[in-house]
Amino acid sequence: MYKFEFISADIQEKILQGFYPVGRLLPSENDLAKHYGVSRETIRKAQKRLEDTGFIQKQQGKGAIVLDFARFSFPISGLTSYKELQESKQFQTATRVLMNKQIPAPDFLVGEDGVEAGEPFIYLIRSREMAGETVIIDHDYLRVSVIPDGVPDAIAEVSIYQYFEQELNLQISFANKEIVAKLADDIDQKEMSIGPDEYIIQVNSHVYLEDATFFQYTSSHHRIDKFRFEEFARRTTH
């Protein structure tokens, strides 16, 4: 392990333990260099790694500020509602319903999982705001055959999964997910205040009930400069 890698790992651990609090500056490059007995260039390399992984943000003329790592980390492998993420990560957000209407099955779903042309779906679009900025746009397509009474706006602004599981007694079981980078669409541009040449990270999910019935397709558009995704991986040998 190179010295800058050890230093980066040590500072990261101290951030996670709260030794370097979120929103505060790290010690100066000079102070860190003296502490670890290395050159300022080595400290810069260590901080570059921390910046690339979302632990700090370098600010010109000020130094390196500690970011809220948990706030900007979203798991992608689990099947967790946004409300549950909000509660576990303890961040403050607001949700707005941009669209909530019944439509025929979109072409990209027809022929998959038994979806037929013309089959009714609920099309729900919601924006997620943090600190007054829209950072996620969720597009949900919900099968009317599973959710015949639709989703009231007041519920969509809180948690549709809580409604599905506690009120409709649906047993949500598993999902297939994919992650792609795409150019921002018109809604992304308007709501997130980004340009037509900018990209978003799109997480697409086919969601199924306990009996393997497909009932929801979700496409979450994430502003690329605000979020990083985390995943646990373990190497297996054969």
# chains A, B, ... in the order shown; residues from 1 in each chain; ligands from 1

call {"tool": "select_by_dssp", "arguments": {"residues": "segment 109-207 of chain A", "states": "strand (DSSP E)", "output": "number ranges by chain"}}
result
A: 120-130, 133-143, 172-183, 199-207

call {"tool": "residues_around", "arguments": {"residues": "segment 104-118 of chain A", "least_positions_apart": "3", "cutoff": "12 Å", "atoms": "only C-alpha atoms", "output": "MDAnalysis selection string"}}
result
chainID A and resid 101 121:123 140:145 205:208 212:218

call {"tool": "write_last_selection", "arguments": {"atoms": "N, CA, C and O atoms", "output": "CSV table (one decimal), in the first residue's frame"}}
result
chain,number,residue,atom,x,y,z
A,101,LYS,N,-51.7,9.8,-13.5
A,101,LYS,CA,-52.8,9.5,-14.4
A,101,LYS,C,-52.8,8.1,-14.9
A,101,LYS,O,-51.7,7.4,-14.8
A,121,PHE,N,-52.2,1.2,-17.0
A,121,PHE,CA,-51.2,1.5,-16.0
A,121,PHE,C,-51.4,2.8,-15.4
A,121,PHE,O,-51.9,3.7,-16.0
A,122,ILE,N,-51.0,3.0,-14.1
A,122,ILE,CA,-50.9,4.3,-13.5
A,122,ILE,C,-49.5,4.9,-13.8
A,122,ILE,O,-48.5,4.2,-13.5
A,123,TYR,N,-49.5,6.1,-14.3
A,123,TYR,CA,-48.2,6.7,-14.6
A,123,TYR,C,-48.0,7.8,-13.5
A,123,TYR,O,-48.8,8.8,-13.5
A,140,ASP,N,-42.9,6.2,-12.1
A,140,ASP,CA,-43.4,4.9,-11.8
A,140,ASP,C,-44.6,4.5,-12.7
A,140,ASP,O,-45.5,5.3,-12.9
A,141,TYR,N,-44.5,3.3,-13.2
A,141,TYR,CA,-45.6,2.7,-14.0
A,141,TYR,C,-46.2,1.5,-13.2
A,141,TYR,O,-45.5,0.5,-12.9
A,142,LEU,N,-47.5,1.6,-12.7
A,142,LEU,CA,-48.1,0.7,-11.8
A,142,LEU,C,-49.2,0.0,-12.5
A,142,LEU,O,-50.1,0.7,-13.0
A,143,ARG,N,-49.3,-1.3,-12.4
A,143,ARG,CA,-50.3,-2.1,-13.1
A,143,ARG,C,-51.6,-1.9,-12.4
A,143,ARG,O,-51.8,-2.2,-11.2
A,144,VAL,N,-52.6,-1.5,-13.1
A,144,VAL,CA,-54.0,-1.2,-12.6
A,144,VAL,C,-54.6,-2.5,-12.1
A,144,VAL,O,-55.4,-2.6,-11.2
A,145,SER,N,-54.2,-3.7,-12.8
A,145,SER,CA,-54.8,-4.9,-12.4
A,145,SER,C,-54.4,-5.3,-10.9
A,145,SER,O,-55.1,-6.1,-10.3
A,205,SER,N,-36.0,-0.3,-12.7
A,205,SER,CA,-36.4,-1.5,-11.9
A,205,SER,C,-37.7,-2.1,-12.3
A,205,SER,O,-38.7,-1.4,-12.5
A,206,HIS,N,-37.7,-3.4,-12.5
A,206,HIS,CA,-38.9,-4.2,-12.7
A,206,HIS,C,-39.1,-4.9,-11.4
A,206,HIS,O,-38.3,-5.6,-10.9
A,207,VAL,N,-40.3,-4.5,-10.8
A,207,VAL,CA,-40.6,-5.0,-9.4
A,207,VAL,C,-41.7,-6.0,-9.4
A,207,VAL,O,-42.7,-5.9,-10.1
A,208,TYR,N,-41.5,-7.1,-8.5
A,208,TYR,CA,-42.4,-8.2,-8.5
A,208,TYR,C,-43.0,-8.5,-7.1
A,208,TYR,O,-42.3,-8.2,-6.1
A,212,ALA,N,-44.5,-13.7,-7.8
A,212,ALA,CA,-43.7,-13.4,-9.1
A,212,ALA,C,-44.6,-12.6,-10.1
A,212,ALA,O,-44.2,-12.5,-11.3
A,213,THR,N,-45.6,-12.0,-9.6
A,213,THR,CA,-46.4,-11.1,-10.5
A,213,THR,C,-45.7,-9.8,-10.7
A,213,THR,O,-45.3,-9.1,-9.7
A,214,PHE,N,-45.4,-9.4,-11.9
A,214,PHE,CA,-44.9,-8.1,-12.2
A,214,PHE,C,-45.9,-7.0,-12.0
A,214,PHE,O,-47.0,-7.1,-12.5
A,215,PHE,N,-45.6,-6.0,-11.2
A,215,PHE,CA,-46.6,-5.0,-10.9
A,215,PHE,C,-46.1,-3.5,-11.0
A,215,PHE,O,-46.9,-2.6,-11.1
A,216,GLN,N,-44.8,-3.3,-11.1
A,216,GLN,CA,-44.3,-1.9,-11.1
A,216,GLN,C,-43.0,-1.8,-11.9
A,216,GLN,O,-42.1,-2.7,-11.8
A,217,TYR,N,-42.9,-0.8,-12.7
A,217,TYR,CA,-41.7,-0.4,-13.4
A,217,TYR,C,-41.3,1.0,-12.9
A,217,TYR,O,-42.2,1.9,-13.0
A,218,THR,N,-40.1,1.1,-12.4
A,218,THR,CA,-39.7,2.5,-11.9
A,218,THR,C,-38.4,2.9,-12.6
A,218,THR,O,-37.5,2.1,-12.8

call {"tool": "closest_residue", "arguments": {"among": "A:Ser219, A:Asn204, A:Thr134, A:Ser28", "to": "Lys58 of chain A", "atoms": "only C-alpha atoms"}}
result
A:Ser28

call {"tool": "residues_around", "arguments": {"residues": "segment 10-23 of chain A", "least_positions_apart": "4", "cutoff": "9 Å", "atoms": "only C-alpha atoms", "output": "MDAnalysis selection string"}}
result
chainID A and resid 5:6 46:47 50 55 65:69

call {"tool": "closest_residue", "arguments": {"among": "A:Ile172, A:Leu124, A:Tyr161, A:Ser39", "to": "Ile103 of chain A", "atoms": "only C-alpha atoms"}}
result
A:Leu124

call {"tool": "select_by_dssp", "arguments": {"residues": "segment 38-238 of chain A", "states": "alpha helix (DSSP H)", "output": "number ranges by chain"}}
result
A: 40-52, 82-89, 153-156, 160-162, 186-192

call {"tool": "write_last_selection", "arguments": {"atoms": "N, CA and C atoms", "output": "compact mmCIF listing (two decimals), in the first residue's frame"}}
result
# COMPACT_ATOMS: atom_id res chain seq x y z
N ARG A 40 3.56 17.39 1.14
CA ARG A 40 2.23 17.92 0.82
C ARG A 40 1.68 17.24 -0.43
N GLU A 41 2.54 16.84 -1.35
CA GLU A 41 2.09 16.17 -2.56
C GLU A 41 1.41 14.84 -2.22
N THR A 42 1.97 14.13 -1.24
CA THR A 42 1.35 12.87 -0.80
C THR A 42 -0.02 13.14 -0.18
N ILE A 43 -0.13 14.22 0.58
CA ILE A 43 -1.42 14.59 1.17
C ILE A 43 -2.43 14.95 0.07
N ARG A 44 -1.96 15.63 -0.96
CA ARG A 44 -2.86 15.99 -2.07
C ARG A 44 -3.39 14.74 -2.75
N LYS A 45 -2.53 13.73 -2.91
CA LYS A 45 -2.97 12.47 -3.53
C LYS A 45 -4.01 11.77 -2.65
N ALA A 46 -3.78 11.80 -1.34
CA ALA A 46 -4.73 11.19 -0.42
C ALA A 46 -6.07 11.92 -0.46
N GLN A 47 -6.02 13.24 -0.50
CA GLN A 47 -7.26 14.01 -0.55
C GLN A 47 -7.98 13.84 -1.88
N LYS A 48 -7.23 13.65 -2.95
CA LYS A 48 -7.85 13.41 -4.26
C LYS A 48 -8.66 12.11 -4.21
N ARG A 49 -8.13 11.09 -3.57
CA ARG A 49 -8.87 9.83 -3.44
C ARG A 49 -10.13 10.03 -2.60
N LEU A 50 -10.00 10.77 -1.51
CA LEU A 50 -11.16 11.05 -0.66
C LEU A 50 -12.21 11.86 -1.40
N GLU A 51 -11.76 12.77 -2.23
CA GLU A 51 -12.69 13.59 -3.01
C GLU A 51 -13.40 12.74 -4.05
N ASP A 52 -12.65 11.84 -4.71
CA ASP A 52 -13.23 10.98 -5.74
C ASP A 52 -14.28 10.03 -5.16
N TYR A 82 -38.12 5.12 -0.98
CA TYR A 82 -37.41 6.38 -0.75
C TYR A 82 -37.63 6.87 0.68
N LYS A 83 -38.83 6.67 1.21
CA LYS A 83 -39.12 7.09 2.58
C LYS A 83 -38.24 6.32 3.57
N GLU A 84 -38.05 5.02 3.33
CA GLU A 84 -37.20 4.22 4.21
C GLU A 84 -35.75 4.68 4.13
N LEU A 85 -35.31 5.02 2.92
CA LEU A 85 -33.95 5.56 2.76
C LEU A 85 -33.82 6.88 3.50
N GLN A 86 -34.82 7.72 3.37
CA GLN A 86 -34.81 9.02 4.04
C GLN A 86 -34.68 8.85 5.54
N GLU A 87 -35.43 7.92 6.10
CA GLU A 87 -35.39 7.70 7.54
C GLU A 87 -34.06 7.10 7.99
N SER A 88 -33.53 6.15 7.21
CA SER A 88 -32.29 5.49 7.62
C SER A 88 -31.09 6.42 7.45
N LYS A 89 -31.10 7.26 6.42
CA LYS A 89 -29.99 8.17 6.17
C LYS A 89 -30.16 9.50 6.91
N ASP A 153 -52.62 11.42 -4.51
CA ASP A 153 -51.44 12.29 -4.45
C ASP A 153 -50.89 12.39 -3.03
N ALA A 154 -51.77 12.48 -2.05
CA ALA A 154 -51.32 12.63 -0.66
C ALA A 154 -50.48 11.44 -0.22
N ILE A 155 -50.82 10.26 -0.71
CA ILE A 155 -50.03 9.06 -0.39
C ILE A 155 -48.74 9.06 -1.20
N ALA A 156 -48.81 9.45 -2.47
CA ALA A 156 -47.62 9.46 -3.32
C ALA A 156 -46.56 10.41 -2.80
N ILE A 160 -45.48 5.23 -1.33
CA ILE A 160 -46.40 4.30 -1.99
C ILE A 160 -46.19 2.88 -1.48
N TYR A 161 -44.96 2.52 -1.09
CA TYR A 161 -44.73 1.16 -0.60
C TYR A 161 -45.42 0.93 0.74
N GLN A 162 -45.42 1.93 1.58
CA GLN A 162 -46.14 1.81 2.85
C GLN A 162 -47.62 1.58 2.57
N ASP A 186 -36.67 16.28 -21.09
CA ASP A 186 -37.27 17.60 -20.87
C ASP A 186 -37.65 17.83 -19.41
N ILE A 187 -38.20 16.80 -18.78
CA ILE A 187 -38.60 16.94 -17.37
C ILE A 187 -37.37 17.12 -16.48
N ASP A 188 -36.33 16.31 -16.74
CA ASP A 188 -35.09 16.44 -15.97
C ASP A 188 -34.55 17.87 -16.07
N GLN A 189 -34.52 18.38 -17.30
CA GLN A 189 -33.95 19.71 -17.54
C GLN A 189 -34.74 20.77 -16.78
N LYS A 190 -36.06 20.68 -16.86
CA LYS A 190 -36.90 21.69 -16.22
C LYS A 190 -36.82 21.61 -14.70
N GLU A 191 -36.98 20.42 -14.15
CA GLU A 191 -37.08 20.27 -12.69
C GLU A 191 -35.72 20.35 -12.00
N MET A 192 -34.67 19.85 -12.66
CA MET A 192 -33.35 19.83 -12.03
C MET A 192 -32.48 21.03 -12.43

call {"tool": "closest_residue", "arguments": {"among": "A:Arg96, A:Asp197, A:Leu26, A:Leu183", "to": "Gly132 of chain A", "atoms": "only C-alpha atoms"}}
result
A:Arg96
